[in-house]
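Shown next: target-v5.csv, containing CSV, C-alpha atoms.
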```
chain,number,residue,atom,x,y,z
A,87,MET,CA,0.0,0.0,0.0
A,88,THR,CA,1.3,3.4,-1.0
A,89,ILE,CA,0.3,6.4,1.1
A,90,GLN,CA,1.0,9.8,-0.3
A,91,ALA,CA,1.3,13.1,1.6
A,92,ARG,CA,0.7,15.1,-1.6
A,93,ILE,CA,-1.7,14.0,-4.3
A,94,GLU,CA,-1.7,15.8,-7.6
A,95,GLY,CA,-3.7,14.6,-10.5
A,96,MET,CA,-6.9,14.5,-12.6
A,97,ALA,CA,-10.2,14.8,-10.8
A,98,ALA,CA,-13.6,13.7,-12.1
A,99,PRO,CA,-17.0,15.1,-11.0
A,100,LEU,CA,-19.4,12.7,-9.4
A,101,PRO,CA,-22.0,15.0,-7.9
A,102,VAL,CA,-24.3,12.3,-6.4
A,103,SER,CA,-25.7,12.7,-2.9
A,104,ASN,CA,-25.9,9.7,-0.6
A,105,LEU,CA,-24.0,7.4,-2.8
A,106,ASP,CA,-23.8,4.3,-0.7
A,107,THR,CA,-21.2,1.5,-0.4
A,108,ASP,CA,-23.6,-1.0,-2.1
A,109,GLN,CA,-23.5,1.2,-5.2
A,110,ILE,CA,-19.8,1.8,-5.0
A,111,MET,CA,-19.1,-1.9,-4.7
A,112,PRO,CA,-22.1,-4.1,-5.6
A,113,LYS,CA,-22.6,-7.4,-3.7
A,114,GLN,CA,-21.9,-9.7,-6.6
A,115,PHE,CA,-18.2,-8.6,-6.4
A,116,LEU,CA,-17.8,-9.7,-2.8
A,117,ARG,CA,-17.5,-13.4,-3.5
A,118,ARG,CA,-13.7,-13.5,-3.7
A,119,ILE,CA,-11.7,-14.5,-0.6
A,120,ASP,CA,-9.0,-11.9,-1.2
A,121,LYS,CA,-9.0,-8.3,-2.3
A,122,ALA,CA,-8.0,-8.9,-5.9
A,123,GLY,CA,-10.2,-7.8,-8.8
A,124,LEU,CA,-12.4,-5.3,-7.1
A,125,ALA,CA,-11.7,-2.5,-9.6
A,126,GLU,CA,-13.9,-4.4,-12.0
A,127,GLY,CA,-16.9,-3.9,-9.8
A,128,LEU,CA,-16.4,-0.3,-8.8
A,129,LEU,CA,-19.6,1.7,-9.5
A,130,TYR,CA,-20.6,-1.1,-11.8
A,131,ASP,CA,-24.2,-0.2,-12.3
A,132,MET,CA,-23.2,3.4,-13.1
A,133,ARG,CA,-20.4,2.4,-15.4
A,134,PHE,CA,-22.2,-0.3,-17.3
A,135,ASP,CA,-25.7,-1.0,-18.7
A,136,ALA,CA,-27.7,-4.2,-18.2
A,137,ASP,CA,-25.8,-5.9,-21.1
A,138,GLY,CA,-22.4,-5.1,-19.5
A,139,LYS,CA,-21.6,-2.3,-22.0
A,140,PRO,CA,-20.0,0.9,-20.8
A,141,ARG,CA,-22.4,3.8,-20.4
A,142,PRO,CA,-20.8,6.6,-22.5
A,143,GLU,CA,-22.4,9.3,-20.4
A,144,PHE,CA,-20.7,8.2,-17.2
A,145,VAL,CA,-17.8,10.4,-16.4
A,146,LEU,CA,-15.2,7.6,-15.8
A,147,ASN,CA,-16.0,6.1,-19.2
A,148,GLN,CA,-15.1,9.3,-21.0
A,149,ALA,CA,-11.6,9.5,-22.5
A,150,GLU,CA,-10.9,12.9,-21.0
A,151,TYR,CA,-11.2,11.4,-17.5
A,152,ALA,CA,-9.4,8.1,-18.2
A,153,ALA,CA,-6.5,9.1,-15.8
A,154,THR,CA,-8.8,10.1,-12.9
A,155,GLU,CA,-7.1,9.8,-9.5
A,156,ILE,CA,-9.5,12.0,-7.5
A,157,LEU,CA,-13.3,12.0,-7.2
A,158,VAL,CA,-15.2,15.1,-6.3
A,159,ALA,CA,-18.5,13.8,-4.9
A,160,GLY,CA,-21.8,14.8,-3.3
A,161,PRO,CA,-22.6,14.8,0.4
A,162,ASN,CA,-22.7,11.7,2.5
A,163,PHE,CA,-20.4,9.8,0.1
A,164,ALA,CA,-20.2,6.1,0.9
A,165,CYS,CA,-22.9,6.0,3.5
A,166,GLY,CA,-24.6,2.7,4.3
A,167,SER,CA,-22.7,-0.5,5.2
A,168,SER,CA,-19.3,-1.1,6.6
A,169,ARG,CA,-18.2,-2.7,3.3
A,170,GLU,CA,-14.5,-2.1,3.3
A,171,HIS,CA,-14.4,-3.5,-0.3
A,172,ALA,CA,-15.6,-0.1,-1.4
A,173,VAL,CA,-12.4,1.4,-0.3
A,174,TRP,CA,-10.3,-1.3,-1.8
A,175,GLY,CA,-12.2,-1.1,-5.1
A,176,LEU,CA,-11.6,2.7,-5.3
A,177,GLN,CA,-7.9,2.2,-4.7
A,178,GLN,CA,-7.5,-0.6,-7.1
A,179,TYR,CA,-9.2,1.5,-9.8
A,180,GLY,CA,-6.6,4.2,-9.2
A,181,ILE,CA,-8.5,6.6,-7.0
A,182,LYS,CA,-6.2,8.2,-4.4
A,183,ALA,CA,-8.6,10.7,-2.8
A,184,VAL,CA,-12.2,11.7,-2.6
A,185,ILE,CA,-13.4,15.3,-1.9
A,186,ALA,CA,-17.0,15.7,-0.7
A,187,PRO,CA,-19.0,17.8,1.8
A,188,SER,CA,-19.4,14.7,4.1
A,189,PHE,CA,-18.7,11.0,4.2
A,190,GLY,CA,-20.3,7.9,5.7
A,191,GLU,CA,-18.8,7.5,9.2
A,192,ILE,CA,-17.6,3.9,8.9
A,193,PHE,CA,-16.3,4.5,5.4
A,194,TYR,CA,-14.3,7.4,6.6
A,195,SER,CA,-12.4,5.3,9.1
A,196,ASN,CA,-11.9,2.4,6.7
A,197,ALA,CA,-10.6,4.8,4.0
A,198,MET,CA,-8.2,6.7,6.0
A,199,ASN,CA,-6.8,3.6,7.7
A,200,ASN,CA,-6.2,2.1,4.3
A,201,GLY,CA,-4.5,5.3,2.9
A,202,LEU,CA,-7.4,6.6,0.8
A,203,MET,CA,-7.4,10.3,1.4
A,204,LEU,CA,-10.8,11.8,2.2
A,205,VAL,CA,-11.2,15.6,2.2
A,206,ALA,CA,-14.3,17.1,3.7
A,207,LEU,CA,-15.0,20.7,2.6
A,208,ASP,CA,-18.0,23.1,2.8
A,209,GLU,CA,-20.6,22.4,0.2
A,210,ALA,CA,-20.0,25.8,-1.5
A,211,ASP,CA,-16.3,24.9,-1.8
A,212,VAL,CA,-17.1,21.5,-3.2
A,213,ASP,CA,-19.5,23.1,-5.7
A,214,THR,CA,-16.7,25.4,-6.9
A,215,ILE,CA,-14.3,22.5,-7.3
A,216,LEU,CA,-17.0,20.5,-9.1
A,217,ALA,CA,-17.5,23.4,-11.5
A,218,ASP,CA,-13.7,23.5,-12.2
A,219,VAL,CA,-13.3,19.7,-12.7
A,220,SER,CA,-16.4,19.5,-14.9
A,221,LYS,CA,-14.1,21.0,-17.6
A,222,PRO,CA,-11.4,18.4,-18.3
A,223,GLU,CA,-8.9,21.1,-19.0
A,224,HIS,CA,-9.3,22.4,-15.5
A,225,SER,CA,-9.5,19.1,-13.7
A,226,ARG,CA,-6.1,18.9,-12.1
A,227,LEU,CA,-6.2,19.2,-8.3
A,228,VAL,CA,-3.5,19.3,-5.6
A,229,ILE,CA,-4.2,17.9,-2.1
A,230,ASP,CA,-1.5,18.5,0.4
A,231,ALA,CA,-1.6,16.7,3.8
A,232,ALA,CA,1.3,18.9,5.2
A,233,SER,CA,-0.6,22.2,4.7
A,234,MET,CA,-4.0,20.4,4.8
A,235,SER,CA,-5.1,22.3,1.7
A,236,VAL,CA,-6.8,21.6,-1.7
A,237,ARG,CA,-6.0,23.7,-4.7
A,238,SER,CA,-8.1,23.8,-7.9
A,239,LYS,CA,-8.1,26.3,-10.7
A,240,SER,CA,-10.5,28.7,-8.9
A,241,LEU,CA,-10.1,27.8,-5.2
A,242,THR,CA,-7.6,27.1,-2.5
A,243,ALA,CA,-9.4,25.6,0.6
A,244,SER,CA,-8.2,24.3,3.9
A,245,PHE,CA,-9.4,21.0,5.5
A,246,SER,CA,-8.8,19.2,8.7
A,247,LEU,CA,-7.3,15.9,9.6
A,248,SER,CA,-6.9,14.2,13.0
A,249,GLU,CA,-3.3,14.2,14.1
A,250,ARG,CA,-3.1,10.4,13.8
A,251,HIS,CA,-4.3,10.5,10.2
A,252,ARG,CA,-2.2,13.4,9.2
A,253,ARG,CA,0.9,11.7,10.6
A,254,MET,CA,0.0,8.5,8.7
A,255,PHE,CA,-0.1,10.4,5.4
A,256,LEU,CA,3.0,12.5,6.0
A,257,GLU,CA,5.1,9.5,7.1
A,258,GLY,CA,3.5,7.0,4.6
A,259,LEU,CA,2.4,4.7,7.4
A,260,ASP,CA,-0.5,2.2,7.5
A,261,MET,CA,-2.1,1.1,10.7
A,262,ILE,CA,0.5,-1.5,11.5
A,263,GLY,CA,3.3,1.0,10.7
A,264,ALA,CA,1.7,3.7,12.9
A,265,THR,CA,1.5,1.2,15.7
A,266,LEU,CA,5.1,0.0,15.3
A,267,ALA,CA,6.2,3.7,15.4
A,268,MET,CA,4.9,3.8,19.0
A,269,GLN,CA,6.8,0.8,20.3
A,270,GLU,CA,8.5,2.8,23.0
A,271,GLN,CA,5.3,4.2,24.3
A,272,ILE,CA,3.7,0.8,24.2
A,273,ARG,CA,6.6,-0.7,26.2
A,274,ALA,CA,6.4,2.1,28.8
A,275,PHE,CA,2.6,1.6,29.2
A,276,THR,CA,3.1,-2.2,29.5
A,277,ALA,CA,5.8,-1.8,32.2
A,278,GLY,CA,3.6,0.6,34.2
A,279,HIS,CA,0.6,-1.8,33.9
A,280,TRP,CA,2.6,-4.7,35.3
A,281,ARG,CA,4.0,-2.6,38.1
A,282,GLN,CA,0.4,-1.6,39.2
A,283,ARG,CA,-1.1,-5.1,38.6
A,284,PRO,CA,1.6,-7.7,39.1
A,285,TRP,CA,-0.9,-10.4,40.0
A,286,LEU,CA,-2.2,-10.3,36.4
A,287,LYS,CA,1.2,-10.9,34.7
A,288,ASP,CA,1.4,-14.2,32.9
A,289,ILE,CA,-1.8,-15.3,34.6
A,290,ALA,CA,-2.8,-17.5,31.6
A,291,SER,CA,0.5,-19.5,31.5
A,292,THR,CA,0.6,-19.6,35.4
A,293,THR,CA,-2.9,-21.1,35.5
A,294,LYS,CA,-2.1,-23.6,32.7
A,295,ASN,CA,1.0,-24.8,34.5
A,296,ARG,CA,-0.8,-25.1,37.8
A,297,LEU,CA,-3.5,-27.3,36.2
A,298,ALA,CA,-1.1,-29.5,34.2
```

Please lay out the structure from this file as structure tokens.
Amino acid sequence: MTIQARIEGMAAPLPVSNLDTDQIMPKQFLRRIDKAGLAEGLLYDMRFDADGKPRPEFVLNQAEYAATEILVAGPNFACGSSREHAVWGLQQYGIKAVIAPSFGEIFYSNAMNNGLMLVALDEADVDTILADVSKPEHSRLVIDAASMSVRSKSLTASFSLSERHRRMFLEGLDMIGATLAMQEQIRAFTAGHWRQRPWLKDIASTTKNRLA
């Protein structure tokens, strides 16, 4: 998994409100036991018709947006279920970030923990960016985790990140890496815990040996 502190690339407009995770990754693409192949199912019913043919009117099927790396979406993006496959499918398709007025709560945690940057902005700012990226020649955006800013042709806007998520993007860490970076604090906490509650230390192995 690659986590970028600065994302610069083509954005596509997807101004759909309440787009849920079932639409982002339909259920028929959840039958695999691994994460592979989920790009195929991303937004399937919006990208393809009933015969499996690409819908030419859908933005991601248009040649001008073939290199899309950022989606600019409507409010409550990815509401609904906890389907983490929606995050993996977006990433496998090549999407590195989504900008929207708001996100489904569970999706937000899943996405940020997997290194998919989510940027929440005021609806008026999102509308300005949507107007920009609706013209392919103005569709390049810059998202910078260090300054927590988004820059389009007509707008520079600030956004917020939790310190944990900001650090993950700046240092390129996933959840495991972020945990390993805190080994000293974890050791100090563990040592203090055993000092305060020595009767709990090794209780499982002690009990097992006593009963053997």

Kindly give the distance, in Å, that separates CA of Gly201 in chain A and CA of Glu270 in chain A, rounded to a single decimal.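 Atom-to-atom, CA of Gly201 in chain A and CA of Glu270 in chain A are spaced 24.1 Å apart.
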
Between CA of Val184 in chain A and CA of Leu100 in chain A, what is the distance in Å, rounded to a tenth?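 We find that CA of Val184 in chain A and CA of Leu100 in chain A lie 10.0 Å from each other.
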
For each of A:Val212, A:Ala290, A:Glu257, A:Ala264, take the minimum atom-to-atom distance to Leu241 in chain A, counting only C-alpha atoms, then give the residue where this is smallest.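 Closest to Leu241 in chain A of all the choices is A:Val212.
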
Do you know which residues are at most 9 Å from range 110-118 of chain A counting only C-alpha atoms, after dropping those on the same chain fewer than 3 positions away, and could you put them as an NGL selection string? :A and (105-107 or 121-132 or 164 or 169 or 171-173 or 175-176)

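Minimum atom-to-atom distances from A:Ala183, A:Thr276, A:Phe193, A:Tyr151 to Val236 in chain A were compared using only C-alpha atoms, and the lowest value belongs to A:Ala183.
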
Protein, DNA and RNA residues within 7 Å of (-11.4, 17.9, 3.2), all atoms listed in the file, as an MDAnalysis selection string: chainID A and resid 185 204:207 245:246

Excluding Glu209 in chain A and its own-chain neighbours fewer than 4 positions away, which residues fall within 12 Å of it when counting all atoms listed in the file? Please give them as an mmCIF file with C-alpha atoms, in the frame of the given file.
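Contents of part-v1.cif, freshly written:
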```
data_model
loop_
_atom_site.group_PDB
_atom_site.id
_atom_site.type_symbol
_atom_site.label_atom_id
_atom_site.label_comp_id
_atom_site.auth_asym_id
_atom_site.auth_seq_id
_atom_site.Cartn_x
_atom_site.Cartn_y
_atom_site.Cartn_z
ATOM 1 C CA PRO A 101 -22.000 15.000 -7.900
ATOM 2 C CA SER A 103 -25.700 12.700 -2.900
ATOM 3 C CA VAL A 158 -15.200 15.100 -6.300
ATOM 4 C CA ALA A 159 -18.500 13.800 -4.900
ATOM 5 C CA GLY A 160 -21.800 14.800 -3.300
ATOM 6 C CA PRO A 161 -22.600 14.800 0.400
ATOM 7 C CA ASN A 162 -22.700 11.700 2.500
ATOM 8 C CA ILE A 185 -13.400 15.300 -1.900
ATOM 9 C CA ALA A 186 -17.000 15.700 -0.700
ATOM 10 C CA PRO A 187 -19.000 17.800 1.800
ATOM 11 C CA SER A 188 -19.400 14.700 4.100
ATOM 12 C CA VAL A 205 -11.200 15.600 2.200
ATOM 13 C CA ASP A 213 -19.500 23.100 -5.700
ATOM 14 C CA THR A 214 -16.700 25.400 -6.900
ATOM 15 C CA ILE A 215 -14.300 22.500 -7.300
ATOM 16 C CA LEU A 216 -17.000 20.500 -9.100
ATOM 17 C CA ALA A 243 -9.400 25.600 0.600
#
```

Identify the residues within 9 Å of coordinate (-5.4, 19.7, 2.5) (same frame as the file), considering all atoms listed in the file, and give the answer as a list in words.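 Collected hits near the coordinates: Arg92, Val205, Val228, Ile229, Asp230, Ala231, Ala232, Ser233, Met234, Ser235, Val236, Arg237, Ala243, Ser244, Phe245, Ser246 and Leu247 of chain A.
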
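From CA of Arg226 in chain A back to CA of Asn199 in chain A, the distance works out to 25.0 Å.
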
Choose the residue, out of A:Glu155, A:Met96, A:Gly190, A:Phe275, that has the smallest atom-to-atom separation from Ser238 in chain A; count only C-alpha atoms.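 Of all the options, A:Met96 lies closest to Ser238 in chain A.
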
Which is closest to Phe255 in chain A among A:Val145, A:Ala197, A:Ala152, A:Cys165, if we use all atoms listed in the file? A:Ala197

Nearest to His224 in chain A by atom-to-atom distance, counting all atoms listed in the file, from A:Ser240, A:Gln109, A:Gln269, A:Gln90: A:Ser240

For Ser195 in chain A, the nearest of the candidates A:Asn104, A:Ser168, A:Gln177, A:Thr242, counting only C-alpha atoms: A:Ser168

Find the residues near Ile89 in chain A: any atom within 9 Å, counting all atoms listed in the file, skip ones fewer than 3 places away on the same chain, and give them as a list in words. Lys182, Asn200, Gly201, Leu202, Met203, Met254, Phe255, Leu256, Glu257, Gly258, Leu259 and Asp260 of chain A

Kindly complete range 98-125 of chain A to N, CA and C atoms; the output should be written as a PDB file, keeping the file's coordinate frame.
```pdb
ATOM      1  N   ALA A  98     -12.378  13.845 -11.291  1.00  0.00           N
ATOM      2  CA  ALA A  98     -13.600  13.700 -12.100  1.00  0.00           C
ATOM      3  C   ALA A  98     -14.799  14.100 -11.177  1.00  0.00           C
ATOM      4  N   PRO A  99     -15.795  14.766 -11.766  1.00  0.00           N
ATOM      5  CA  PRO A  99     -17.000  15.100 -11.000  1.00  0.00           C
ATOM      6  C   PRO A  99     -17.943  13.961 -10.852  1.00  0.00           C
ATOM      7  N   LEU A 100     -18.378  13.734  -9.636  1.00  0.00           N
ATOM      8  CA  LEU A 100     -19.400  12.700  -9.400  1.00  0.00           C
ATOM      9  C   LEU A 100     -20.373  13.261  -8.366  1.00  0.00           C
ATOM     10  N   PRO A 101     -21.175  14.250  -8.786  1.00  0.00           N
ATOM     11  CA  PRO A 101     -22.000  15.000  -7.900  1.00  0.00           C
ATOM     12  C   PRO A 101     -23.306  14.229  -7.502  1.00  0.00           C
ATOM     13  N   VAL A 102     -23.135  13.119  -6.834  1.00  0.00           N
ATOM     14  CA  VAL A 102     -24.300  12.300  -6.400  1.00  0.00           C
ATOM     15  C   VAL A 102     -24.357  12.301  -4.910  1.00  0.00           C
ATOM     16  N   SER A 103     -25.519  12.640  -4.384  1.00  0.00           N
ATOM     17  CA  SER A 103     -25.700  12.700  -2.900  1.00  0.00           C
ATOM     18  C   SER A 103     -26.042  11.248  -2.432  1.00  0.00           C
ATOM     19  N   ASN A 104     -25.577  10.949  -1.225  1.00  0.00           N
ATOM     20  CA  ASN A 104     -25.900   9.700  -0.600  1.00  0.00           C
ATOM     21  C   ASN A 104     -25.548   8.459  -1.393  1.00  0.00           C
ATOM     22  N   LEU A 105     -24.439   8.540  -2.082  1.00  0.00           N
ATOM     23  CA  LEU A 105     -24.000   7.400  -2.800  1.00  0.00           C
ATOM     24  C   LEU A 105     -23.470   6.329  -1.838  1.00  0.00           C
ATOM     25  N   ASP A 106     -24.159   5.207  -1.725  1.00  0.00           N
ATOM     26  CA  ASP A 106     -23.800   4.300  -0.700  1.00  0.00           C
ATOM     27  C   ASP A 106     -22.806   3.219  -1.116  1.00  0.00           C
ATOM     28  N   THR A 107     -22.295   2.502  -0.138  1.00  0.00           N
ATOM     29  CA  THR A 107     -21.200   1.500  -0.400  1.00  0.00           C
ATOM     30  C   THR A 107     -21.729   0.369  -1.280  1.00  0.00           C
ATOM     31  N   ASP A 108     -23.044   0.094  -1.231  1.00  0.00           N
ATOM     32  CA  ASP A 108     -23.600  -1.000  -2.100  1.00  0.00           C
ATOM     33  C   ASP A 108     -23.501  -0.575  -3.560  1.00  0.00           C
ATOM     34  N   GLN A 109     -23.620   0.723  -3.837  1.00  0.00           N
ATOM     35  CA  GLN A 109     -23.500   1.200  -5.200  1.00  0.00           C
ATOM     36  C   GLN A 109     -22.004   1.293  -5.608  1.00  0.00           C
ATOM     37  N   ILE A 110     -21.190   1.689  -4.663  1.00  0.00           N
ATOM     38  CA  ILE A 110     -19.800   1.800  -5.000  1.00  0.00           C
ATOM     39  C   ILE A 110     -19.167   0.420  -5.260  1.00  0.00           C
ATOM     40  N   MET A 111     -19.547  -0.575  -4.460  1.00  0.00           N
ATOM     41  CA  MET A 111     -19.100  -1.900  -4.700  1.00  0.00           C
ATOM     42  C   MET A 111     -20.245  -2.919  -4.531  1.00  0.00           C
ATOM     43  N   PRO A 112     -20.949  -3.236  -5.634  1.00  0.00           N
ATOM     44  CA  PRO A 112     -22.100  -4.100  -5.600  1.00  0.00           C
ATOM     45  C   PRO A 112     -21.786  -5.494  -4.987  1.00  0.00           C
ATOM     46  N   LYS A 113     -22.808  -6.110  -4.412  1.00  0.00           N
ATOM     47  CA  LYS A 113     -22.600  -7.400  -3.700  1.00  0.00           C
ATOM     48  C   LYS A 113     -22.045  -8.491  -4.488  1.00  0.00           C
ATOM     49  N   GLN A 114     -22.334  -8.547  -5.794  1.00  0.00           N
ATOM     50  CA  GLN A 114     -21.900  -9.700  -6.600  1.00  0.00           C
ATOM     51  C   GLN A 114     -20.339  -9.705  -6.748  1.00  0.00           C
ATOM     52  N   PHE A 115     -19.688  -8.634  -6.315  1.00  0.00           N
ATOM     53  CA  PHE A 115     -18.200  -8.600  -6.400  1.00  0.00           C
ATOM     54  C   PHE A 115     -17.553  -8.898  -5.061  1.00  0.00           C
ATOM     55  N   LEU A 116     -18.349  -9.401  -4.117  1.00  0.00           N
ATOM     56  CA  LEU A 116     -17.800  -9.700  -2.800  1.00  0.00           C
ATOM     57  C   LEU A 116     -17.565 -11.162  -2.575  1.00  0.00           C
ATOM     58  N   ARG A 117     -17.608 -11.947  -3.638  1.00  0.00           N
ATOM     59  CA  ARG A 117     -17.500 -13.400  -3.500  1.00  0.00           C
ATOM     60  C   ARG A 117     -16.088 -13.909  -3.388  1.00  0.00           C
ATOM     61  N   ARG A 118     -15.117 -13.071  -3.704  1.00  0.00           N
ATOM     62  CA  ARG A 118     -13.700 -13.500  -3.700  1.00  0.00           C
ATOM     63  C   ARG A 118     -13.252 -13.550  -2.203  1.00  0.00           C
ATOM     64  N   ILE A 119     -12.265 -14.409  -1.946  1.00  0.00           N
ATOM     65  CA  ILE A 119     -11.700 -14.500  -0.600  1.00  0.00           C
ATOM     66  C   ILE A 119     -10.548 -13.599  -0.363  1.00  0.00           C
ATOM     67  N   ASP A 120     -10.131 -12.888  -1.405  1.00  0.00           N
ATOM     68  CA  ASP A 120      -9.000 -11.900  -1.200  1.00  0.00           C
ATOM     69  C   ASP A 120      -9.505 -10.571  -1.780  1.00  0.00           C
ATOM     70  N   LYS A 121      -8.594  -9.619  -1.852  1.00  0.00           N
ATOM     71  CA  LYS A 121      -9.000  -8.300  -2.300  1.00  0.00           C
ATOM     72  C   LYS A 121      -8.840  -8.078  -3.799  1.00  0.00           C
ATOM     73  N   ALA A 122      -8.364  -9.082  -4.506  1.00  0.00           N
ATOM     74  CA  ALA A 122      -8.000  -8.900  -5.900  1.00  0.00           C
ATOM     75  C   ALA A 122      -9.294  -8.698  -6.768  1.00  0.00           C
ATOM     76  N   GLY A 123      -9.164  -7.918  -7.829  1.00  0.00           N
ATOM     77  CA  GLY A 123     -10.200  -7.800  -8.800  1.00  0.00           C
ATOM     78  C   GLY A 123     -11.357  -6.892  -8.517  1.00  0.00           C
ATOM     79  N   LEU A 124     -11.259  -6.105  -7.480  1.00  0.00           N
ATOM     80  CA  LEU A 124     -12.400  -5.300  -7.100  1.00  0.00           C
ATOM     81  C   LEU A 124     -12.564  -4.046  -7.990  1.00  0.00           C
ATOM     82  N   ALA A 125     -11.523  -3.655  -8.709  1.00  0.00           N
ATOM     83  CA  ALA A 125     -11.700  -2.500  -9.600  1.00  0.00           C
ATOM     84  C   ALA A 125     -12.745  -2.787 -10.664  1.00  0.00           C
TER      85      ALA A 125
END
```
